[in-house]
Structure formats: C-alpha cells, structure tokens
Amino acid sequence: MSYHQARYDEPLLWEIEPPPEAPAAPEPIPGVPERLRRRHGVRWPELSELEVIRHFTRLSQMNFGIDTNAYPLGSCTMKYNPKVSELLARRPGAAEAHPGQPEATVQGSLEILWRLEQALGKITGFEEVSLQPAAGAHGEFAALLMIRAYLAERGELERRTEVLLPDTAHGTNPASAAMAGFTAREIRSKDGCVDPAALAAAVSDRTAAFMLTNPNTAGLFEPEIVEIARTVHGAGGLLYYDGANLNAILGVTSPGRMGFDVAHLNLHKTFATPHGGGGPGAGVLAAGPTLAPFLPVPRIVRRGRNFRLDYDRPRSIGKIKSGLGNFGLDLRALVFLLSHGESGIRRISRRAVLNSNYLGQRLGTRLPRPFRPLVKHEFLLSGAPLKARGLRTLDLAKRLLDEGIHAPTVYFPSLVEEALMIEMPETESRRELDLLVAAFERALGDTPEALRAAPQSLAVGRIDEVAAARHLLLSWKDLRERGAVLGMAGPTPEGATPGKT
Ligand SMILES: Cc1ncc(COP(=O)(O)O)c(C=O)c1O
C-alpha cells in the first residue's frame with residue numbers, strides 16, 4: 001500500500017465567506033424572558049451545506065486515525081471503536097439526556113451506568129466502581145486523594161508521605177502523586193520488572209502507596225506480584241493498580257486477585273471507546289474494601305427496579321467531575337462488553353497477547369529486544385543499532401509515517417536505549433501485522449538520507465520540535481503565516497527553511 005495523505009490549503013469557513021457584520025436578531029421564542037433574548041444574530045458565515053461538508057471532509061482527509069491506518073502506539077491500546085457502539089451512543093435518548101435531569105426521568109441512563117459498574121467490578125475483582133474520572137491521570141489523582149483520606153482517618157498522613165513507583169511507570173504516575181501532595185520515589189527495575197529486593201529496601205513507615213502497572217510498560221507481567229503485595233502491605237502501604245494495560249489480562253486475572261487495593265481503568269483503551277487528541281476519556285476507579293468507602297459521590301444504587309444517586313457517603317472524597325462521568329464513553333464500553341459476553345472477554349486478551357508475541361518475534365529479527373522474549377500485550381525494541389548509520393529511533397518512527405503507519409511510542413520507557421514500544425491490539429488482523437513488518441523492513445532498508453528526510457507524504461512534514469515548543473502557534477492564523485518555518489503545511493515565508501528556525 002502506498003500512502004499519500006491529502007494536503008489541502010484549506011481556508012477557514014470565516015475566510016471563505018466572511019460573516020455579516022451585524023446579522024438581524026432572530027424571531028423571539030415565546031416564553032424566553034426579554035433579558036435572555038439575543039440582541040443580534042450569530043455571526044456565522046453564510047455557506048451552503050455542501051460547502052461546509054466539503055470543508056470538513058477535506059480537513060478529515062488531512063488527519064490520521066484508526067479507521068484508516070494502523071496505530072501501533074505502545075501503552076495506548078489503539079483499538080478499533082465498533083460502529084454499533086457509535087450508533088447507540090448517538091441516539092437521542094443517550095446523547096441528549098442532561099446530567100442535571102431528575103433521577104426519575106433518566107432511569108435508563110442510570111441503569112446503563114450501574115450495569116457497567118457491575119461488569120467492571122467483576123473484571124477488576126473489586127467490590128465498588130465509580131465512573132466519574134475523565135481520564136486515566138484523573139483516575140490516578142482521585143485514587144491518591146482516596147489514599148490521602150484513608151491515611152488521614154488513621155492519623156498516618158503526616159508520616160506516610162512517599163509514593164513509590166518503578167522506573168517503568170507512566171509519567172502520569174509520579175505527576176499524580178506530586179499533585180496529590182506526596183513525594184514520588186522511583187525504584188530501579190531488574191530485567192524490566194520490579195526488583196523485590198529493591199522494593200523491600202525502599203518501603204518504610206513513610207510509604208503511602210506503591211503504584212504499579214501490570215503487565216508493565218515493557219509488556220512484562222510482574223512475576224513477583226504476590227511478594228510485591230505482601231511487602232507493600234507489610235509496611236502498612238497501599239497497592240495502586242494503573243489499569244492502562246488491562247487489555248493483556250482481561251478475564252484471565254484481575255487487580256483484585258493480585259492483591260491491589262485500588263485501580264483506575266482507561267475505558268478509552270481497553271473497552272474500545274474513542275481516545276486521543278485530549279478528547280473525552282474515562283478513567284474509571286475500582287476499589288476493594290479498604291478504599292471503597294472513599295470513592296467519589298454520588299454512587300449509583302439500585303433499589304428493586306429503580307436506580308438513584310446516593311450522596312450520603314460521609315467518608316467519600318466528594319465529587320470530582322461534573323455530571324456522572326463521560327456518559328457516551330460509558331455506554332460504548334457497555335455495548336462492547338455485552339457484545340463480547342463473559343467468555344469473549346478472555347478471547348480479547350489472548351488475541352492481544354498473541355498479536356504482540358507474533359510481531360515481537362518477527363521484528364525481533366530486525367532490531368534487538370530487551371528483556372525476556374515472551375511478553376503480554378506489547379513489546380519493546382531498541383533502535384540503538386541505528387546509531388551506527390548516523391540515525392536514531394526518531395528517524396525510523398518518522399519514516400514509518402510515510403508507510404501509512406502511526407509511529408510507535410518512542411523513547412519510553414527510558415530504561416531502554418532508543419526505545420520503541422509497540423502494541424497492536426486484538427482488533428488488528430494477521431494481515432495488518434504482516435503489513436507492519438513489511439513496512440518496518442522497507443524503512444530499515446532505506447537510505448539514511450531518506451530516513452532523515454521523512455515524513456514526506458504527510459500534510460505536515462518533520463517539525464522542529466524545539467522551535468515548536470519555543471514558538472507556540474496557538475491559532476490557525478499564526479500557523480498559516482508562520483507554520484512553514486516549523487515544517488508545517490502553509491506558505492513558506494521568503495528565506496525561511498522548512499524544519500529550521
Ligand atoms: C500506563 C499508563 N498509565 C496512565 C496513563 C494515563 O492515561 P490518560 O492518558 O487517560 O490520562 C497512560 C496513558 O497513556 C498509560 O499508558
């Protein structure tokens with residue numbers, strides 16, 4: 001497949017047809033009080049439906065997405081989002097309900113949320129679930145607030161100030177710990193996993209919690225998880241499960257079974273709901289008996305056939321998001337779970353692990369693989385050998401874009417030199433995996449010059465990342481006037497060299 005992304009010099013709608021200066025006020029709607037009525041109309045460009053459709057369709061063709069291209073972005077579990085869930089989430093009953101509606105009028109929506117909580121409770125092995133947090137990092141922060149509340153209740157907050165995490169942890173883990181008022185302390189891994197001796201040496205009566213992803217970001221299942229749980233609990237600390245990698249163990253084991261106290265899940269990864277671009281996510285919280293009383297309110301409770309919102313949880317950390325969470329994502333996740341059924345859930349993780357091991361074996365003949373070869377849902381490669389050709393992992397990642405493949409996660413985790421982290425979830429077929437291998441082979445066989453010049457077939461070329469960070473272009477107008485300086489689409493100012501400042 002040869003890949004050439006569309007590249008339009010697309011004006012803004014406002015540039016195609018400048019809106020009228022002072023449009024006439026609309027007819028007043030009966031019943032709307034005078035003080036709330038518009039004094040003049042909205043300044044929209046007056047364009048036909050066709051012109052607007054063409055505009056947005058062209059913009060969408062300059063985009064990159066899971067519906068058109070492979071997305072082996074490690075740790076992000078870039079799954080296909082089934083269209084049936086989209087269809088259901090867009091039905092008026094789901095899309096137009098207001099979070100402030102009286103309970104009696106949204107019984108169906110509450111039942112959807114309650115059923116999802118029940119299903120996720122089973123999957124995680126925990127008693128109680130809250131769908132409120134809007135992202136994985138938000139879930140982490142909320143769980144750490146729960147841990148704070150628990151420690152405060154026991155009079156241990158002053159003393160237990162440290163949150164431990166391994167050096168494979170996602171960057172949001174230490175950030176959440178710091179935001180919640182703890183000191184994040186990193187523990188060195190051994191062969192890609194937690195070193196039980198290093199953990200035992202680090203825990204103390206200052207330990208509030210240990211945050212762990214299992215399988216971790218190297219795709220390795222922590223073989224010493226039982227001992228890890230014993231060590232942390234033995235020191236009076238709590239065990240936090242970062243569930244971003246739950247896709248690898250769905251229906252096989254669970255954080256509850258492994259001895260964790262609390263977990264966040266990323267619905268926008270494991271449960272096939274949209275993510276990316278900072279869009280709405282869902283960082284669901286699930287907790288065992290120690291921390292469940294601290295979950296955010298309101299909780300959804302069932303009384304016979306009715307559902308109601310319960311705010312009467314005196315130990316709760318309170319409300320952490322408007323509404324009850326991102327309802328559309330919750331609904332999509334429930335549809336996904338129901339369509340797979342209980343036995344299908346296990347097939348998901350098995351297939352994801354199979355995909356990862358198949359790809360790992362094939363690409364492992366091209367670039368070195370750190371740590372043990374048998375992995376879970378994702379694996380690491382090291383681009384270090386590229387350095388002998390004057391190249392870096394970044395060049396390979398950019399060259400893959402020209403093959404129509406999203407770049408893998410690169411330079412993470414930092415314990416692997418020139419790391420590439422690759423994940424192709426269960427929604428990807430064997431054929432797609434083979435196309436990815438072929439693309440890697442073409443990219444690796446290309447000349448150093450071609451790799452350094454990549455990407456060449458995208459709407460946006462290689463960006464000077466330092467310049468992009470220093471000279472933020474925050475509006476489309478800025479981008480059009482100065483974007484070419486950074487290698488972005490747009491007219492090149494005289495004398496400027498794309499990709500340089
Ligand atoms: C292991 C891990 N933890 C936490 C997060 C944070 O999740 P979110 O991006 O939804 O805030 C991610 C996101 O990539 C992740 O991979």
# chains A, B, ... in the order shown; residues from 1 in each chain; ligands from 1
$ residues_near_ligand --ligand "ligand 1" --cutoff "6 Å" --atoms "only C-alpha atoms and all ligand atoms" --output "ChimeraX atom specification"
/A:75-76,135-137,170,172,242,244,266
$ write_last_selection --atoms "N, CA and C atoms" --output "mmCIF file, in the first residue's frame"
data_model
loop_
_atom_site.group_PDB
_atom_site.id
_atom_site.type_symbol
_atom_site.label_atom_id
_atom_site.label_comp_id
_atom_site.auth_asym_id
_atom_site.auth_seq_id
_atom_site.Cartn_x
_atom_site.Cartn_y
_atom_site.Cartn_z
ATOM 1 N N SER A 75 1.328 1.105 24.785
ATOM 2 C CA SER A 75 0.708 1.560 26.026
ATOM 3 C C SER A 75 -0.595 2.317 25.786
ATOM 4 N N CYS A 76 -0.925 2.588 24.529
ATOM 5 C CA CYS A 76 -2.146 3.369 24.263
ATOM 6 C C CYS A 76 -3.305 2.493 23.819
ATOM 7 N N ALA A 135 -10.272 10.760 32.810
ATOM 8 C CA ALA A 135 -9.081 10.262 32.112
ATOM 9 C C ALA A 135 -8.317 9.371 33.066
ATOM 10 N N GLY A 136 -7.345 8.634 32.516
ATOM 11 C CA GLY A 136 -6.522 7.784 33.373
ATOM 12 C C GLY A 136 -5.837 8.617 34.449
ATOM 13 N N ALA A 137 -5.216 9.712 34.046
ATOM 14 C CA ALA A 137 -4.485 10.537 35.006
ATOM 15 C C ALA A 137 -5.439 11.106 36.066
ATOM 16 N N HIS A 170 4.413 4.967 33.935
ATOM 17 C CA HIS A 170 3.995 6.032 33.029
ATOM 18 C C HIS A 170 4.184 7.371 33.721
ATOM 19 N N THR A 172 2.463 9.904 34.035
ATOM 20 C CA THR A 172 1.356 10.475 34.817
ATOM 21 C C THR A 172 1.397 9.995 36.273
ATOM 22 N N ASP A 242 -2.376 0.704 38.105
ATOM 23 C CA ASP A 242 -2.599 1.526 36.919
ATOM 24 C C ASP A 242 -3.110 0.572 35.840
ATOM 25 N N ALA A 244 -4.027 0.872 32.775
ATOM 26 C CA ALA A 244 -3.934 1.216 31.349
ATOM 27 C C ALA A 244 -3.575 -0.015 30.505
ATOM 28 N N ASN A 266 -8.656 2.546 31.935
ATOM 29 C CA ASN A 266 -8.859 3.504 30.847
ATOM 30 C C ASN A 266 -9.900 2.917 29.903
#
$ select_by_dssp --residues "region 268-442 of chain A" --states "helix (DSSP H, G or I)" --output "ChimeraX atom specification"
/A:268-270,292-294,327-363,384-389,393-401,430-442
$ residues_around --residues "Arg313 (chain A)" --least-positions-apart "5" --cutoff "9 Å" --atoms "only C-alpha atoms" --output "VMD selection string"
chain A and resid 293 to 299 318
$ write_last_selection --atoms "N, CA and C atoms" --output "mmCIF file, in the first residue's frame"
data_model
loop_
_atom_site.group_PDB
_atom_site.id
_atom_site.type_symbol
_atom_site.label_atom_id
_atom_site.label_comp_id
_atom_site.auth_asym_id
_atom_site.auth_seq_id
_atom_site.Cartn_x
_atom_site.Cartn_y
_atom_site.Cartn_z
ATOM 1 N N PRO A 293 -15.036 2.913 50.565
ATOM 2 C CA PRO A 293 -15.835 3.983 51.190
ATOM 3 C C PRO A 293 -15.404 5.387 50.779
ATOM 4 N N PHE A 294 -14.189 5.510 50.192
ATOM 5 C CA PHE A 294 -13.678 6.838 49.860
ATOM 6 C C PHE A 294 -13.963 7.219 48.402
ATOM 7 N N LEU A 295 -14.574 6.319 47.635
ATOM 8 C CA LEU A 295 -14.859 6.609 46.215
ATOM 9 C C LEU A 295 -15.693 7.890 46.087
ATOM 10 N N PRO A 296 -15.563 8.572 44.944
ATOM 11 C CA PRO A 296 -16.321 9.826 44.759
ATOM 12 C C PRO A 296 -17.830 9.601 44.848
ATOM 13 N N VAL A 297 -18.550 10.622 45.257
ATOM 14 C CA VAL A 297 -20.013 10.597 45.207
ATOM 15 C C VAL A 297 -20.453 11.393 43.979
ATOM 16 N N PRO A 298 -21.670 11.209 43.498
ATOM 17 C CA PRO A 298 -22.658 10.261 44.002
ATOM 18 C C PRO A 298 -22.361 8.839 43.529
ATOM 19 N N ARG A 299 -22.824 7.860 44.309
ATOM 20 C CA ARG A 299 -22.770 6.475 43.878
ATOM 21 C C ARG A 299 -24.152 6.115 43.331
ATOM 22 N N GLY A 318 -15.685 13.058 47.826
ATOM 23 C CA GLY A 318 -16.601 14.066 47.258
ATOM 24 C C GLY A 318 -16.723 13.911 45.759
#
$ closest_residue --among "A:Asn245, A:Ser457, A:Asn214, A:Asn355" --to "Leu401 (chain A)" --atoms "only C-alpha atoms"
A:Ser457
$ residues_around --residues "Ile147 (chain A)" --least-positions-apart "4" --cutoff "12 Å" --atoms "only C-alpha atoms" --output "PDB file with C-alpha atoms, in the first residue's frame"
ATOM      1  CA  GLU A 140      -4.866   8.246  39.400  1.00  0.00           C
ATOM      2  CA  PHE A 141      -5.238  11.620  41.082  1.00  0.00           C
ATOM      3  CA  ALA A 142      -8.647  10.717  42.534  1.00  0.00           C
ATOM      4  CA  ALA A 143      -7.335   7.366  43.833  1.00  0.00           C
ATOM      5  CA  LEU A 151      -4.328   7.821  55.828  1.00  0.00           C
ATOM      6  CA  ALA A 152      -5.793  10.975  57.382  1.00  0.00           C
ATOM      7  CA  GLU A 153      -8.516   8.906  59.031  1.00  0.00           C
ATOM      8  CA  ARG A 154      -5.850   6.648  60.549  1.00  0.00           C
ATOM      9  CA  GLU A 156      -0.874   8.496  59.372  1.00  0.00           C
ATOM     10  CA  LEU A 157      -0.918  11.241  56.755  1.00  0.00           C
ATOM     11  CA  ARG A 160       3.305   8.436  55.121  1.00  0.00           C
ATOM     12  CA  THR A 161       4.431  10.946  52.544  1.00  0.00           C
ATOM     13  CA  GLU A 162       6.046   8.753  49.887  1.00  0.00           C
ATOM     14  CA  VAL A 163       4.523   7.128  46.835  1.00  0.00           C
ATOM     15  CA  ALA A 177       1.487  11.549  43.216  1.00  0.00           C
ATOM     16  CA  ALA A 180      -1.894  14.769  45.457  1.00  0.00           C
ATOM     17  CA  GLY A 181       0.794  16.089  47.817  1.00  0.00           C
ATOM     18  CA  PHE A 182       3.063  13.032  48.026  1.00  0.00           C
ATOM     19  CA  THR A 207       5.271   4.595  52.382  1.00  0.00           C
ATOM     20  CA  ALA A 208       1.759   5.693  51.489  1.00  0.00           C
ATOM     21  CA  ALA A 209       1.409   3.561  48.351  1.00  0.00           C
ATOM     22  CA  PHE A 210       3.155   1.695  45.559  1.00  0.00           C
ATOM     23  CA  MET A 211       1.819   2.435  42.054  1.00  0.00           C
ATOM     24  CA  GLY A 236       1.386  -0.528  56.005  1.00  0.00           C
ATOM     25  CA  GLY A 237       1.247   0.907  52.460  1.00  0.00           C
ATOM     26  CA  LEU A 238      -1.446   0.503  49.811  1.00  0.00           C
ATOM     27  CA  LEU A 239      -1.114  -1.002  46.363  1.00  0.00           C
ATOM     28  CA  TYR A 240      -2.368   1.022  43.405  1.00  0.00           C
ATOM     29  CA  ASP A 261      -6.351  -2.084  46.807  1.00  0.00           C
ATOM     30  CA  VAL A 262      -7.495   0.307  44.119  1.00  0.00           C
ATOM     31  CA  ALA A 263      -7.267   0.649  40.338  1.00  0.00           C
ATOM     32  CA  ALA A 287     -11.666  -0.266  44.824  1.00  0.00           C
ATOM     33  CA  THR A 290     -10.229  -0.745  52.335  1.00  0.00           C
ATOM     34  CA  LEU A 291     -10.724   2.143  49.926  1.00  0.00           C
ATOM     35  CA  ALA A 292     -14.262   1.677  48.538  1.00  0.00           C
ATOM     36  CA  PRO A 293     -15.835   3.983  51.190  1.00  0.00           C
ATOM     37  CA  PHE A 294     -13.678   6.838  49.860  1.00  0.00           C
ATOM     38  CA  LEU A 295     -14.859   6.609  46.215  1.00  0.00           C
ATOM     39  CA  ARG A 315     -16.019   9.089  54.009  1.00  0.00           C
ATOM     40  CA  SER A 316     -16.114   9.861  50.268  1.00  0.00           C
ATOM     41  CA  ILE A 317     -13.563  12.277  48.749  1.00  0.00           C
TER      42      ILE A 317
END
$ closest_residue --among "A:Arg430, A:Arg452, A:Arg332, A:Arg303" --to "Ile112 (chain A)" --atoms "only C-alpha atoms"
A:Arg332
$ residues_around --residues "Pro215 (chain A)" --least-positions-apart "5" --cutoff "9 Å" --atoms "only C-alpha atoms" --output "list in words"
Leu220, Phe221, Glu222, Asn245, Leu246, Ala248, Ile249, Val375, Lys376 and His377 of chain A
$ closest_residue --among "A:Gly404, A:Gly325, A:Pro425, A:Gly256" --to "Ser2 (chain A)" --atoms "only C-alpha atoms"
A:Gly404
$ residues_around --residues "Asp330 (chain A)" --least-positions-apart "2" --cutoff "8 Å" --atoms "only C-alpha atoms" --output "PDB file with N, CA and C atoms, in the first residue's frame"
ATOM      1  N   ILE A 112     -27.767   1.915  32.693  1.00  0.00           N
ATOM      2  CA  ILE A 112     -26.588   1.665  31.841  1.00  0.00           C
ATOM      3  C   ILE A 112     -25.315   1.826  32.672  1.00  0.00           C
ATOM      4  N   LEU A 113     -25.250   2.921  33.432  1.00  0.00           N
ATOM      5  CA  LEU A 113     -24.046   3.181  34.234  1.00  0.00           C
ATOM      6  C   LEU A 113     -23.880   2.109  35.318  1.00  0.00           C
ATOM      7  N   LEU A 116     -22.658  -1.124  33.846  1.00  0.00           N
ATOM      8  CA  LEU A 116     -21.235  -1.056  33.516  1.00  0.00           C
ATOM      9  C   LEU A 116     -20.394  -1.184  34.797  1.00  0.00           C
ATOM     10  N   LEU A 131     -17.534   5.676  37.964  1.00  0.00           N
ATOM     11  CA  LEU A 131     -17.226   6.006  36.566  1.00  0.00           C
ATOM     12  C   LEU A 131     -16.839   7.471  36.392  1.00  0.00           C
ATOM     13  N   LEU A 267     -11.150   3.345  30.036  1.00  0.00           N
ATOM     14  CA  LEU A 267     -12.180   2.837  29.103  1.00  0.00           C
ATOM     15  C   LEU A 267     -11.766   3.121  27.679  1.00  0.00           C
ATOM     16  N   ALA A 282     -12.260   8.203  29.967  1.00  0.00           N
ATOM     17  CA  ALA A 282     -12.932   7.717  31.170  1.00  0.00           C
ATOM     18  C   ALA A 282     -11.931   6.897  31.961  1.00  0.00           C
ATOM     19  N   GLY A 325     -19.759  11.435  34.830  1.00  0.00           N
ATOM     20  CA  GLY A 325     -18.654  10.872  34.050  1.00  0.00           C
ATOM     21  C   GLY A 325     -18.940  11.170  32.585  1.00  0.00           C
ATOM     22  N   ASN A 326     -18.172  10.556  31.694  1.00  0.00           N
ATOM     23  CA  ASN A 326     -18.431  10.750  30.262  1.00  0.00           C
ATOM     24  C   ASN A 326     -19.389   9.666  29.789  1.00  0.00           C
ATOM     25  N   PHE A 327     -20.672  10.013  29.832  1.00  0.00           N
ATOM     26  CA  PHE A 327     -21.720   9.012  29.617  1.00  0.00           C
ATOM     27  C   PHE A 327     -21.570   8.285  28.279  1.00  0.00           C
ATOM     28  N   GLY A 328     -21.243   9.041  27.231  1.00  0.00           N
ATOM     29  CA  GLY A 328     -21.129   8.422  25.898  1.00  0.00           C
ATOM     30  C   GLY A 328     -20.081   7.323  25.886  1.00  0.00           C
ATOM     31  N   ARG A 332     -20.653   3.230  25.322  1.00  0.00           N
ATOM     32  CA  ARG A 332     -19.898   2.472  24.313  1.00  0.00           C
ATOM     33  C   ARG A 332     -19.194   1.274  24.960  1.00  0.00           C
ATOM     34  N   ALA A 333     -18.629   1.496  26.149  1.00  0.00           N
ATOM     35  CA  ALA A 333     -17.904   0.407  26.826  1.00  0.00           C
ATOM     36  C   ALA A 333     -18.859  -0.722  27.184  1.00  0.00           C
ATOM     37  N   LEU A 334     -20.069  -0.371  27.640  1.00  0.00           N
ATOM     38  CA  LEU A 334     -21.032  -1.417  27.997  1.00  0.00           C
ATOM     39  C   LEU A 334     -21.440  -2.205  26.746  1.00  0.00           C
TER      40      LEU A 334
END
$ closest_residue --among "A:Ala119, A:Leu50, A:Leu331, A:Ala439" --to "Leu88 (chain A)" --atoms "only C-alpha atoms"
A:Leu331
$ atom_distance --atom1 "CA of Phe412 (chain A)" --atom2 "CA of Thr217 (chain A)"
8.4 Å
$ residues_around --residues "Asp191 (chain A)" --least-positions-apart "5" --cutoff "9 Å" --atoms "only C-alpha atoms" --output "PyMOL selection string"
chain A and resi 370-372
$ write_last_selection --atoms "C-alpha atoms" --output "tab-separated table (two decimals), in the first residue's frame"
chain	number	residue	atom	x	y	z
A	370	PRO	CA	15.49	-6.10	25.60
A	371	PHE	CA	14.39	-8.44	28.41
A	372	ARG	CA	12.69	-11.80	28.05
$ closest_residue --among "A:Trp14, A:Ala468, A:Leu59, A:Pro455" --to "Leu47 (chain A)" --atoms "only C-alpha atoms"
A:Trp14
$ select_by_dssp --residues "region 8-151 of chain A" --states "strand (DSSP E or B)" --output "count of residues only"
5
$ closest_residue --among "A:Asp167, A:Ser322, A:Asp395, A:Ser204" --to "Asp446 (chain A)" --atoms "only C-alpha atoms"
A:Asp395
$ decode --residues "region 223-250 of chain A" --atoms "N, CA and C atoms" --output "CSV table (one decimal), in the first residue's frame"
chain,number,residue,atom,x,y,z
A,223,PRO,N,6.3,-11.1,37.7
A,223,PRO,CA,6.2,-12.5,38.2
A,223,PRO,C,6.2,-12.5,39.7
A,224,GLU,N,6.7,-11.4,40.4
A,224,GLU,CA,6.7,-11.4,41.8
A,224,GLU,C,5.6,-10.6,42.4
A,225,ILE,N,4.4,-10.6,41.7
A,225,ILE,CA,3.4,-9.7,42.2
A,225,ILE,C,2.8,-10.1,43.6
A,226,VAL,N,2.8,-11.3,43.9
A,226,VAL,CA,2.3,-11.8,45.2
A,226,VAL,C,3.2,-11.3,46.3
A,227,GLU,N,4.6,-11.4,46.1
A,227,GLU,CA,5.5,-10.9,47.0
A,227,GLU,C,5.5,-9.4,47.1
A,228,ILE,N,5.3,-8.7,46.0
A,228,ILE,CA,5.2,-7.3,46.0
A,228,ILE,C,4.1,-6.8,46.9
A,229,ALA,N,2.9,-7.4,46.7
A,229,ALA,CA,1.7,-7.1,47.5
A,229,ALA,C,2.0,-7.3,49.0
A,230,ARG,N,2.7,-8.4,49.3
A,230,ARG,CA,3.0,-8.7,50.7
A,230,ARG,C,3.9,-7.7,51.3
A,231,THR,N,4.9,-7.3,50.5
A,231,THR,CA,5.9,-6.3,51.0
A,231,THR,C,5.3,-5.0,51.3
A,232,VAL,N,4.5,-4.5,50.3
A,232,VAL,CA,3.9,-3.2,50.5
A,232,VAL,C,2.9,-3.2,51.7
A,233,HIS,N,2.0,-4.2,51.7
A,233,HIS,CA,1.0,-4.2,52.8
A,233,HIS,C,1.7,-4.4,54.1
A,234,GLY,N,2.8,-5.2,54.1
A,234,GLY,CA,3.5,-5.5,55.3
A,234,GLY,C,4.1,-4.2,56.0
A,235,ALA,N,4.4,-3.2,55.1
A,235,ALA,CA,4.9,-2.0,55.6
A,235,ALA,C,3.8,-1.0,55.9
A,236,GLY,N,2.5,-1.4,55.7
A,236,GLY,CA,1.4,-0.5,56.0
A,236,GLY,C,1.0,0.4,54.8
A,237,GLY,N,1.6,0.1,53.6
A,237,GLY,CA,1.2,0.9,52.5
A,237,GLY,C,0.1,0.3,51.7
A,238,LEU,N,-0.4,1.0,50.7
A,238,LEU,CA,-1.4,0.5,49.8
A,238,LEU,C,-0.9,0.3,48.4
A,239,LEU,N,-1.6,-0.6,47.7
A,239,LEU,CA,-1.1,-1.0,46.4
A,239,LEU,C,-2.1,-0.5,45.3
A,240,TYR,N,-1.5,0.4,44.4
A,240,TYR,CA,-2.4,1.0,43.4
A,240,TYR,C,-2.1,0.4,42.0
A,241,TYR,N,-3.2,0.0,41.3
A,241,TYR,CA,-3.1,-0.6,40.0
A,241,TYR,C,-3.4,0.4,38.9
A,242,ASP,N,-2.4,0.7,38.1
A,242,ASP,CA,-2.6,1.5,36.9
A,242,ASP,C,-3.1,0.6,35.8
A,243,GLY,N,-4.4,0.7,35.5
A,243,GLY,CA,-5.0,-0.3,34.7
A,243,GLY,C,-5.0,0.0,33.2
A,244,ALA,N,-4.0,0.9,32.8
A,244,ALA,CA,-3.9,1.2,31.3
A,244,ALA,C,-3.6,0.0,30.5
A,245,ASN,N,-3.0,-1.0,31.1
A,245,ASN,CA,-2.6,-2.2,30.4
A,245,ASN,C,-3.5,-3.4,30.6
A,246,LEU,N,-4.7,-3.1,31.1
A,246,LEU,CA,-5.6,-4.2,31.5
A,246,LEU,C,-6.0,-5.1,30.3
A,247,ASN,N,-5.8,-4.6,29.1
A,247,ASN,CA,-6.2,-5.4,27.9
A,247,ASN,C,-5.4,-6.7,27.9
A,248,ALA,N,-4.3,-6.8,28.5
A,248,ALA,CA,-3.5,-8.0,28.5
A,248,ALA,C,-4.0,-9.1,29.4
A,249,ILE,N,-4.8,-8.8,30.4
A,249,ILE,CA,-5.2,-9.8,31.4
A,249,ILE,C,-6.7,-9.9,31.5
A,250,LEU,N,-7.5,-9.3,30.7
A,250,LEU,CA,-9.0,-9.3,30.8
A,250,LEU,C,-9.5,-10.8,30.9
